[in-house]
$ cat protein-v8.txt   # compact mmCIF, C-alpha atoms and all ligand atoms
# COMPACT_ATOMS: atom_id res chain seq x y z
CA MET B 1 -8.65 -51.73 -18.30
CA THR B 2 -8.41 -51.69 -22.04
CA PRO B 3 -5.44 -53.43 -23.69
CA GLY B 4 -3.10 -50.82 -25.15
CA ILE B 5 -4.50 -47.89 -23.18
CA ARG B 6 -2.31 -46.49 -20.42
CA PRO B 7 -4.55 -45.80 -17.43
CA LEU B 8 -4.90 -42.35 -15.88
CA VAL B 9 -5.62 -41.68 -12.23
CA ALA B 10 -6.92 -38.11 -11.97
CA GLY B 11 -7.76 -36.19 -8.83
CA ASN B 12 -10.38 -33.47 -8.56
CA TRP B 13 -9.96 -31.32 -5.48
CA LYS B 14 -13.22 -29.43 -6.16
CA MET B 15 -13.58 -26.35 -3.86
CA ASN B 16 -11.03 -27.67 -1.38
CA GLY B 17 -7.47 -26.70 -0.69
CA THR B 18 -5.33 -23.78 0.38
CA SER B 19 -1.58 -23.21 0.42
CA ALA B 20 -1.28 -25.74 3.23
CA SER B 21 -2.67 -28.45 0.95
CA LEU B 22 0.29 -28.15 -1.36
CA ASN B 23 2.21 -30.49 0.95
CA GLU B 24 -0.21 -33.27 -0.06
CA LEU B 25 0.53 -32.45 -3.67
CA ARG B 26 4.27 -32.67 -3.02
CA SER B 27 3.72 -36.10 -1.50
CA ILE B 28 1.64 -37.20 -4.50
CA GLY B 29 4.37 -36.03 -6.87
CA ASN B 30 7.09 -37.75 -4.85
CA GLY B 31 5.04 -40.94 -4.68
CA PHE B 32 4.85 -41.14 -8.45
CA MET B 33 8.59 -40.58 -8.72
CA SER B 34 9.23 -43.83 -6.93
CA GLY B 35 7.99 -46.09 -9.69
CA LEU B 36 4.22 -45.67 -9.75
CA ASP B 37 4.41 -43.86 -13.08
CA ALA B 38 5.44 -47.12 -14.68
CA GLU B 39 1.88 -48.35 -14.12
CA THR B 40 -0.25 -45.27 -14.66
CA GLU B 41 -0.32 -41.61 -15.58
CA ALA B 42 -1.45 -39.16 -12.95
CA LEU B 43 -3.10 -35.76 -12.88
CA VAL B 44 -4.46 -33.58 -10.10
CA CYS B 45 -7.07 -30.93 -10.96
CA VAL B 46 -6.96 -28.17 -8.38
CA PRO B 47 -8.78 -24.89 -7.68
CA ALA B 48 -7.58 -22.07 -9.90
CA THR B 49 -6.04 -20.30 -6.90
CA LEU B 50 -3.56 -23.16 -6.51
CA LEU B 51 -2.96 -24.05 -10.13
CA GLN B 52 0.23 -22.15 -10.82
CA ARG B 53 1.90 -23.31 -7.62
CA ALA B 54 0.63 -26.85 -8.16
CA ALA B 55 2.04 -26.91 -11.68
CA GLU B 56 5.42 -25.69 -10.42
CA ILE B 57 5.56 -28.30 -7.67
CA LEU B 58 4.53 -31.11 -10.00
CA SER B 59 6.80 -30.01 -12.85
CA ARG B 60 9.62 -31.98 -11.25
CA THR B 61 7.46 -35.13 -11.16
CA PRO B 62 5.49 -37.28 -13.64
CA VAL B 63 2.20 -35.91 -12.25
CA ARG B 64 0.42 -33.14 -14.15
CA ALA B 65 -1.81 -30.32 -12.94
CA GLY B 66 -5.25 -29.53 -14.34
CA GLY B 67 -8.16 -27.12 -14.03
CA GLU B 68 -11.66 -28.00 -12.83
CA ASP B 69 -13.71 -25.97 -15.29
CA CYS B 70 -13.30 -23.27 -17.93
CA HIS B 71 -15.36 -20.65 -19.73
CA PRO B 72 -16.00 -21.24 -23.46
CA LYS B 73 -14.58 -17.83 -24.46
CA GLU B 74 -10.91 -16.92 -24.56
CA SER B 75 -11.33 -13.62 -22.70
CA GLY B 76 -13.86 -10.86 -22.09
CA ALA B 77 -16.31 -9.35 -19.64
CA PHE B 78 -17.20 -12.47 -17.67
CA THR B 79 -16.49 -11.51 -14.08
CA GLY B 80 -15.25 -14.38 -11.99
CA GLU B 81 -14.78 -16.77 -14.90
CA ILE B 82 -11.53 -18.38 -16.07
CA SER B 83 -10.72 -19.27 -19.66
CA ALA B 84 -8.97 -22.38 -20.91
CA GLU B 85 -6.14 -20.16 -22.11
CA MET B 86 -5.69 -18.83 -18.57
CA LEU B 87 -5.52 -22.37 -17.22
CA LYS B 88 -2.95 -23.28 -19.84
CA ASP B 89 -0.94 -20.18 -18.97
CA ALA B 90 -1.00 -21.20 -15.30
CA GLY B 91 0.44 -24.61 -16.12
CA ALA B 92 -2.58 -26.87 -16.71
CA SER B 93 -2.44 -29.78 -19.14
CA HIS B 94 -6.07 -30.87 -18.74
CA VAL B 95 -9.41 -29.38 -17.72
CA ILE B 96 -12.55 -31.07 -16.43
CA VAL B 97 -15.74 -29.98 -18.22
CA GLY B 98 -19.33 -30.93 -17.54
CA HIS B 99 -18.78 -32.29 -14.04
CA SER B 100 -22.16 -33.22 -12.60
CA GLU B 101 -21.77 -30.52 -9.97
CA ARG B 102 -21.51 -27.97 -12.78
CA ARG B 103 -24.45 -29.50 -14.61
CA GLU B 104 -26.65 -29.84 -11.52
CA LEU B 105 -25.73 -26.82 -9.39
CA PHE B 106 -24.83 -24.32 -12.11
CA GLY B 107 -27.29 -25.31 -14.82
CA GLU B 108 -24.78 -26.36 -17.47
CA ASP B 109 -26.33 -28.30 -20.32
CA ASP B 110 -24.75 -30.50 -22.97
CA ALA B 111 -24.35 -27.57 -25.39
CA MET B 112 -22.33 -25.67 -22.79
CA VAL B 113 -20.17 -28.69 -22.06
CA HIS B 114 -19.60 -29.13 -25.82
CA ALA B 115 -18.48 -25.49 -26.07
CA LYS B 116 -16.16 -25.88 -23.09
CA ALA B 117 -14.54 -28.98 -24.57
CA SER B 118 -13.86 -27.06 -27.78
CA ALA B 119 -12.42 -24.21 -25.72
CA ALA B 120 -10.09 -26.63 -23.96
CA TRP B 121 -8.72 -27.84 -27.30
CA ARG B 122 -8.38 -24.27 -28.60
CA ALA B 123 -6.07 -23.61 -25.64
CA GLY B 124 -4.13 -26.83 -26.10
CA LEU B 125 -5.65 -28.62 -23.12
CA VAL B 126 -7.04 -32.13 -22.92
CA ALA B 127 -10.76 -32.04 -22.08
CA ILE B 128 -12.07 -34.47 -19.47
CA ILE B 129 -15.77 -34.60 -20.37
CA CYS B 130 -17.95 -35.88 -17.53
CA ILE B 131 -21.22 -37.75 -17.96
CA GLY B 132 -23.41 -39.74 -15.59
CA GLU B 133 -26.95 -40.50 -14.57
CA MET B 134 -28.90 -39.23 -11.56
CA ARG B 135 -30.28 -41.69 -9.04
CA ALA B 136 -33.86 -41.32 -10.35
CA GLU B 137 -32.67 -41.97 -13.88
CA ARG B 138 -30.93 -45.18 -12.79
CA GLU B 139 -34.00 -46.29 -10.87
CA ALA B 140 -36.13 -45.65 -13.96
CA GLY B 141 -33.82 -47.87 -16.02
CA ALA B 142 -32.74 -44.90 -18.12
CA THR B 143 -28.99 -44.96 -17.38
CA LEU B 144 -27.79 -45.99 -20.84
CA ASP B 145 -30.16 -43.59 -22.60
CA VAL B 146 -28.89 -40.73 -20.43
CA LEU B 147 -25.28 -41.60 -21.21
CA SER B 148 -26.05 -41.74 -24.94
CA ARG B 149 -27.78 -38.38 -24.84
CA GLN B 150 -24.97 -36.73 -22.90
CA LEU B 151 -22.31 -38.13 -25.23
CA GLU B 152 -24.21 -36.97 -28.31
CA GLY B 153 -24.63 -33.48 -26.90
CA SER B 154 -21.36 -32.96 -25.06
CA VAL B 155 -18.65 -34.56 -27.18
CA PRO B 156 -17.67 -32.62 -30.32
CA THR B 157 -17.26 -34.90 -33.33
CA SER B 158 -13.62 -33.85 -33.72
CA ALA B 159 -12.74 -35.44 -30.39
CA THR B 160 -9.72 -37.73 -30.48
CA ALA B 161 -8.05 -40.04 -27.98
CA ALA B 162 -5.31 -37.42 -27.64
CA ASN B 163 -7.49 -34.41 -26.87
CA THR B 164 -10.38 -35.99 -24.94
CA ILE B 165 -11.02 -38.24 -21.97
CA ILE B 166 -14.48 -39.34 -20.91
CA ALA B 167 -15.31 -39.66 -17.21
CA TYR B 168 -18.34 -41.74 -16.27
CA GLU B 169 -19.58 -40.63 -12.87
CA PRO B 170 -22.94 -41.90 -11.65
CA VAL B 171 -24.16 -38.81 -9.80
CA TRP B 172 -25.56 -40.85 -6.93
CA ALA B 173 -22.12 -42.38 -6.30
CA ILE B 174 -20.29 -39.07 -5.96
CA GLY B 175 -19.20 -38.36 -2.41
CA THR B 176 -21.69 -40.85 -1.00
CA GLY B 177 -19.57 -43.94 -0.44
CA LEU B 178 -21.97 -45.80 -2.73
CA THR B 179 -20.67 -47.44 -5.89
CA PRO B 180 -22.28 -49.39 -8.72
CA THR B 181 -21.48 -53.09 -8.94
CA ALA B 182 -18.58 -54.08 -11.15
CA ALA B 183 -21.15 -55.52 -13.57
CA ASP B 184 -23.01 -52.19 -13.73
CA VAL B 185 -19.75 -50.32 -14.34
CA ALA B 186 -18.82 -52.80 -17.06
CA GLU B 187 -22.20 -52.35 -18.75
CA ALA B 188 -21.98 -48.54 -18.64
CA HIS B 189 -18.40 -48.39 -19.91
CA ALA B 190 -19.08 -50.87 -22.72
CA HIS B 191 -22.08 -48.78 -23.71
CA ILE B 192 -19.98 -45.60 -23.67
CA ARG B 193 -17.27 -47.23 -25.82
CA GLY B 194 -19.91 -48.38 -28.29
CA LYS B 195 -21.61 -45.02 -28.44
CA LEU B 196 -18.29 -43.23 -28.90
CA THR B 197 -17.48 -45.58 -31.76
CA GLY B 198 -20.73 -44.59 -33.42
CA LEU B 199 -19.98 -40.89 -32.93
CA LEU B 200 -16.23 -40.78 -33.53
CA GLY B 201 -15.27 -43.93 -35.39
CA ASP B 202 -11.75 -45.27 -34.86
CA ALA B 203 -10.86 -42.51 -32.38
CA ALA B 204 -13.07 -44.22 -29.80
CA ALA B 205 -10.99 -47.38 -29.56
CA ARG B 206 -8.11 -45.67 -27.75
CA MET B 207 -10.06 -42.99 -25.88
CA ARG B 208 -9.74 -43.26 -22.11
CA ILE B 209 -12.96 -43.77 -20.20
CA LEU B 210 -12.48 -43.07 -16.49
CA TYR B 211 -14.78 -44.17 -13.69
CA GLY B 212 -15.57 -41.68 -10.91
CA GLY B 213 -17.72 -41.83 -7.79
CA SER B 214 -16.50 -42.87 -4.33
CA VAL B 215 -13.29 -44.46 -5.59
CA LYS B 216 -11.07 -45.24 -2.61
CA PRO B 217 -8.17 -47.54 -1.82
CA SER B 218 -10.50 -50.30 -0.65
CA ASN B 219 -12.49 -50.55 -3.90
CA ALA B 220 -9.92 -49.42 -6.45
CA VAL B 221 -8.76 -52.87 -7.53
CA GLU B 222 -12.33 -54.02 -8.16
CA LEU B 223 -13.48 -50.87 -10.00
CA LEU B 224 -10.34 -50.17 -12.00
CA GLY B 225 -10.00 -53.77 -13.05
CA VAL B 226 -13.28 -53.65 -14.98
CA GLU B 227 -13.11 -53.93 -18.76
CA ASN B 228 -13.14 -50.52 -20.49
CA VAL B 229 -12.31 -48.69 -17.25
CA ASP B 230 -9.13 -46.83 -18.15
CA GLY B 231 -8.55 -45.04 -14.88
CA ALA B 232 -10.35 -43.06 -12.23
CA LEU B 233 -11.55 -39.55 -11.52
CA VAL B 234 -11.12 -39.28 -7.77
CA GLY B 235 -12.70 -36.59 -5.60
CA GLY B 236 -12.46 -36.88 -1.82
CA ALA B 237 -9.70 -39.47 -1.78
CA SER B 238 -7.45 -37.25 -3.92
CA LEU B 239 -7.14 -34.76 -1.06
CA LYS B 240 -4.96 -37.18 0.90
CA ALA B 241 -1.74 -38.22 -0.78
CA ALA B 242 -1.72 -41.61 0.90
CA ASP B 243 -5.18 -42.47 -0.41
CA PHE B 244 -4.54 -41.15 -3.91
CA LEU B 245 -1.28 -43.07 -4.15
CA ALA B 246 -2.95 -46.22 -2.81
CA ILE B 247 -5.58 -45.95 -5.56
CA ALA B 248 -2.86 -45.64 -8.19
CA GLU B 249 -1.10 -48.62 -6.63
CA ALA B 250 -4.18 -50.69 -7.38
CA TYR B 251 -2.78 -51.09 -10.89
CA MET B 252 0.03 -53.19 -9.47
CA ASN B 253 -2.62 -55.69 -8.37
CA ILE B 254 -4.66 -55.78 -11.57
CA SER B 255 -3.55 -58.27 -14.17
O1 LIG P 301 -14.66 -35.65 -9.78
C1 LIG P 301 -14.73 -36.52 -8.92
C2 LIG P 301 -15.97 -37.14 -8.59
O2 LIG P 301 -17.01 -36.24 -8.46
C3 LIG P 301 -15.92 -38.18 -7.54
O3 LIG P 301 -15.92 -37.64 -6.23
P1 LIG P 301 -15.76 -38.62 -4.99
O4 LIG P 301 -14.56 -39.46 -5.28
O5 LIG P 301 -15.55 -37.73 -3.81
O6 LIG P 301 -17.00 -39.46 -4.92

$ encode --input "protein-v8.txt" --output "C-alpha cells"
Amino acid sequence: MTPGIRPLVAGNWKMNGTSASLNELRSIGNGFMSGLDAETEALVCVPATLLQRAAEILSRTPVRAGGEDCHPKESGAFTGEISAEMLKDAGASHVIVGHSERRELFGEDDAMVHAKASAAWRAGLVAIICIGEMRAEREAGATLDVLSRQLEGSVPTSATAANTIIAYEPVWAIGTGLTPTAADVAEAHAHIRGKLTGLLGDAAARMRILYGGSVKPSNAVELLGVENVDGALVGGASLKAADFLAIAEAYMNIS
C-alpha cells in the first residue's frame, strides 16, 4: 500500500464469460455494496460482448466496468477491432492496454501500447498500462531493466495519477499459481515508482501501481500489503465472485 492512495482491485476476465457469467458480476457488485467499498475501489474488465450489460448491472453498485483492450484509432476500417470511444459508449470507465498476452501473442510493442494509452485518454477512459518481465528475463537478472524500458516506451509523458494506472505483472506468474516473493514485489514496485518519478515528476507519487499474477484469496494479504502495491489486477480469481470479494477483503486485514 501507499499512504494516501486508495487501493483498486481490478478483475480481468480475458476471453471468458457469457451471459450466464453476469450472475457472478451481480454478486461482485452486491458484495461491494455491503461495505467493502469503504476499503477499496473495484473494477471488472470484461469481454466487449458483455460490457454494456456489465456496466448496466454494476451501475447500481460501487464497482465499475472496463474494457480489456482498445484500438488506437477512434473509428475506421479495422475489422474486428474496438475503439476506446466504443468502450466508453458501452459504459467502460477504464481499459487495460499492453497486457502481456497482447504483447506476447499479438505482437504489440511499447509504441503500440503508448498509442493505446493515448487513445484511452482521448475517449475519457483511465488507461491501465501493463508491464512485466518474462521468465528468461528474470532469470537473466534483467527484470528492472525490462520494467524501465517498458515504462519509457509505453507511458506517455502526459500521464497523471487520474488518467493512468500501472499494472506490474511478471509474465511467468500469470495463470501459473507462481508468485514472486514479497521482497521481489517490493523491489519491482519501488523501482517502478522511482522510474515513474523520473518520467512524470510529481504525478508519479499518487499513481496507482497494481500487482498482477496469480493473486488469490490465500496470498492477497501478503501481496497487497507490500509497500507501493496499490491494488491488484486479478485474472482467474476474478471469474468467481467469492474469490474476487475475498481478495478485496484482504484490505481489512492489512494495517
Ligand atoms: O490481468 C490479469 C493477469 O494476467 C493475472 O492473471 P491471473 O490472476 O489469472 O494470474

$ residues_around --input "protein-v8.txt" --residues "Ser238 of chain B" --least-positions-apart "4" --cutoff "9 Å" --atoms "only C-alpha atoms" --output "VMD selection string"
chain B and resid 10 to 13 44 216 233 to 234 242 to 245

$ write_last_selection --input "protein-v8.txt" --atoms "C-alpha atoms" --output "compact mmCIF listing (two decimals), keeping the file's coordinate frame"
# COMPACT_ATOMS: atom_id res chain seq x y z
CA ALA B 10 -6.92 -38.11 -11.97
CA GLY B 11 -7.76 -36.19 -8.83
CA ASN B 12 -10.38 -33.47 -8.56
CA TRP B 13 -9.96 -31.32 -5.48
CA VAL B 44 -4.46 -33.58 -10.10
CA LYS B 216 -11.07 -45.24 -2.61
CA LEU B 233 -11.55 -39.55 -11.52
CA VAL B 234 -11.12 -39.28 -7.77
CA ALA B 242 -1.72 -41.61 0.90
CA ASP B 243 -5.18 -42.47 -0.41
CA PHE B 244 -4.54 -41.15 -3.91
CA LEU B 245 -1.28 -43.07 -4.15

$ residues_near_ligand --input "protein-v8.txt" --ligand "ligand LIG 301 (chain P)" --cutoff "7 Å" --atoms "only C-alpha atoms and all ligand atoms" --output "compact mmCIF listing (two decimals) with C-alpha atoms, in the coordinates of the input"
# COMPACT_ATOMS: atom_id res chain seq x y z
CA GLY B 11 -7.76 -36.19 -8.83
CA ASN B 12 -10.38 -33.47 -8.56
CA HIS B 99 -18.78 -32.29 -14.04
CA GLU B 169 -19.58 -40.63 -12.87
CA ALA B 173 -22.12 -42.38 -6.30
CA ILE B 174 -20.29 -39.07 -5.96
CA GLY B 175 -19.20 -38.36 -2.41
CA THR B 176 -21.69 -40.85 -1.00
CA GLY B 177 -19.57 -43.94 -0.44
CA GLY B 212 -15.57 -41.68 -10.91
CA GLY B 213 -17.72 -41.83 -7.79
CA SER B 214 -16.50 -42.87 -4.33
CA VAL B 215 -13.29 -44.46 -5.59
CA LEU B 233 -11.55 -39.55 -11.52
CA VAL B 234 -11.12 -39.28 -7.77
CA GLY B 235 -12.70 -36.59 -5.60
CA GLY B 236 -12.46 -36.88 -1.82
CA ALA B 237 -9.70 -39.47 -1.78

$ residues_near_point --input "protein-v8.txt" --point "(0.6, -22.5, -15.9)" --cutoff "8 Å" --atoms "all atoms listed in the file" --output "JSON list (two decimals) with C-alpha atoms, keeping the file's coordinate frame"
[["chain", "number", "residue", "atom", "x", "y", "z"],
["B", 51, "LEU", "CA", -2.96, -24.05, -10.13],
["B", 52, "GLN", "CA", 0.23, -22.15, -10.82],
["B", 55, "ALA", "CA", 2.04, -26.91, -11.68],
["B", 56, "GLU", "CA", 5.42, -25.69, -10.42],
["B", 86, "MET", "CA", -5.69, -18.83, -18.57],
["B", 87, "LEU", "CA", -5.52, -22.37, -17.22],
["B", 88, "LYS", "CA", -2.95, -23.28, -19.84],
["B", 89, "ASP", "CA", -0.94, -20.18, -18.97],
["B", 90, "ALA", "CA", -1.00, -21.20, -15.30],
["B", 91, "GLY", "CA", 0.44, -24.61, -16.12],
["B", 92, "ALA", "CA", -2.58, -26.87, -16.71]]

$ atom_distance --input "protein-v8.txt" --atom1 "atom CA of Ser154 of chain B" --atom2 "atom CA of Met112 of chain B"
7.7 Å

$ atom_distance --input "protein-v8.txt" --atom1 "atom CA of Pro47 of chain B" --atom2 "atom CA of Leu178 of chain B"
25.2 Å

$ residues_around --input "protein-v8.txt" --residues "Val171 of chain B" --least-positions-apart "5" --cutoff "10 Å" --atoms "only C-alpha atoms" --output "VMD selection string"
chain B and resid 99 to 101 104 131 to 135 137 to 138 176 212 to 213

$ residues_around --input "protein-v8.txt" --residues "Asn228 of chain B" --least-positions-apart "3" --cutoff "8 Å" --atoms "only C-alpha atoms" --output "PyMOL selection string"
chain B and resi 1-2+186+189-190+193+209

$ atom_distance --input "protein-v8.txt" --atom1 "atom CA of Ile96 of chain B" --atom2 "atom CA of Thr40 of chain B"
18.9 Å

$ closest_residue --input "protein-v8.txt" --among "B:Ala115, B:His191, B:Ala159, B:Leu199" --to "Val229 of chain B" --atoms "all atoms listed in the file"
B:His191

$ residues_around --input "protein-v8.txt" --residues "Asn30 of chain B" --least-positions-apart "4" --cutoff "10 Å" --atoms "only C-alpha atoms" --output "number ranges by chain"
B: 24-26, 34-36, 57-58, 60-63, 241, 245

$ closest_residue --input "protein-v8.txt" --among "B:Ser59, B:Asn253, B:Ser93, B:Ser148" --to "Lys195 of chain B" --atoms "all atoms listed in the file"
B:Ser148

$ residues_around --input "protein-v8.txt" --residues "Tyr211 of chain B" --least-positions-apart "6" --cutoff "8 Å" --atoms "all atoms listed in the file" --output "list of chain:residue names"
B:Ala167, B:Tyr168, B:Glu169, B:Val185, B:Leu223, B:Leu224, B:Val229, B:Asp230, B:Gly231, B:Ala232, B:Leu233

$ write_last_selection --input "protein-v8.txt" --atoms "C-alpha atoms" --output "PDB file, in the frame of the given file"
ATOM      1  CA  ALA B 167     -15.310 -39.660 -17.210  1.00  0.00           C
ATOM      2  CA  TYR B 168     -18.340 -41.740 -16.270  1.00  0.00           C
ATOM      3  CA  GLU B 169     -19.580 -40.630 -12.870  1.00  0.00           C
ATOM      4  CA  VAL B 185     -19.750 -50.320 -14.340  1.00  0.00           C
ATOM      5  CA  LEU B 223     -13.480 -50.870 -10.000  1.00  0.00           C
ATOM      6  CA  LEU B 224     -10.340 -50.170 -12.000  1.00  0.00           C
ATOM      7  CA  VAL B 229     -12.310 -48.690 -17.250  1.00  0.00           C
ATOM      8  CA  ASP B 230      -9.130 -46.830 -18.150  1.00  0.00           C
ATOM      9  CA  GLY B 231      -8.550 -45.040 -14.880  1.00  0.00           C
ATOM     10  CA  ALA B 232     -10.350 -43.060 -12.230  1.00  0.00           C
ATOM     11  CA  LEU B 233     -11.550 -39.550 -11.520  1.00  0.00           C
TER      12      LEU B 233
END

$ decode --input "protein-v8.txt" --residues "segment 187-205 of chain B" --atoms "C-alpha atoms" --output "PDB file, in the first residue's frame"
ATOM      1  CA  GLU B 187      11.780  -4.253  -5.224  1.00  0.00           C
ATOM      2  CA  ALA B 188       9.897  -4.148  -8.533  1.00  0.00           C
ATOM      3  CA  HIS B 189       7.239  -1.724  -7.309  1.00  0.00           C
ATOM      4  CA  ALA B 190       9.800   0.596  -5.707  1.00  0.00           C
ATOM      5  CA  HIS B 191      11.722   0.574  -8.973  1.00  0.00           C
ATOM      6  CA  ILE B 192       8.559   1.363 -10.938  1.00  0.00           C
ATOM      7  CA  ARG B 193       7.700   4.261  -8.587  1.00  0.00           C
ATOM      8  CA  GLY B 194      11.213   5.633  -8.966  1.00  0.00           C
ATOM      9  CA  LYS B 195      11.213   5.303 -12.717  1.00  0.00           C
ATOM     10  CA  LEU B 196       7.788   6.943 -12.984  1.00  0.00           C
ATOM     11  CA  THR B 197       9.066   9.818 -10.873  1.00  0.00           C
ATOM     12  CA  GLY B 198      11.891  10.295 -13.335  1.00  0.00           C
ATOM     13  CA  LEU B 199       9.490  10.228 -16.277  1.00  0.00           C
ATOM     14  CA  LEU B 200       6.491  12.084 -14.867  1.00  0.00           C
ATOM     15  CA  GLY B 201       7.665  14.048 -11.853  1.00  0.00           C
ATOM     16  CA  ASP B 202       5.132  14.709  -9.102  1.00  0.00           C
ATOM     17  CA  ALA B 203       2.373  12.779 -10.906  1.00  0.00           C
ATOM     18  CA  ALA B 204       4.141   9.542 -10.001  1.00  0.00           C
ATOM     19  CA  ALA B 205       3.699   9.916  -6.252  1.00  0.00           C
TER      20      ALA B 205
END
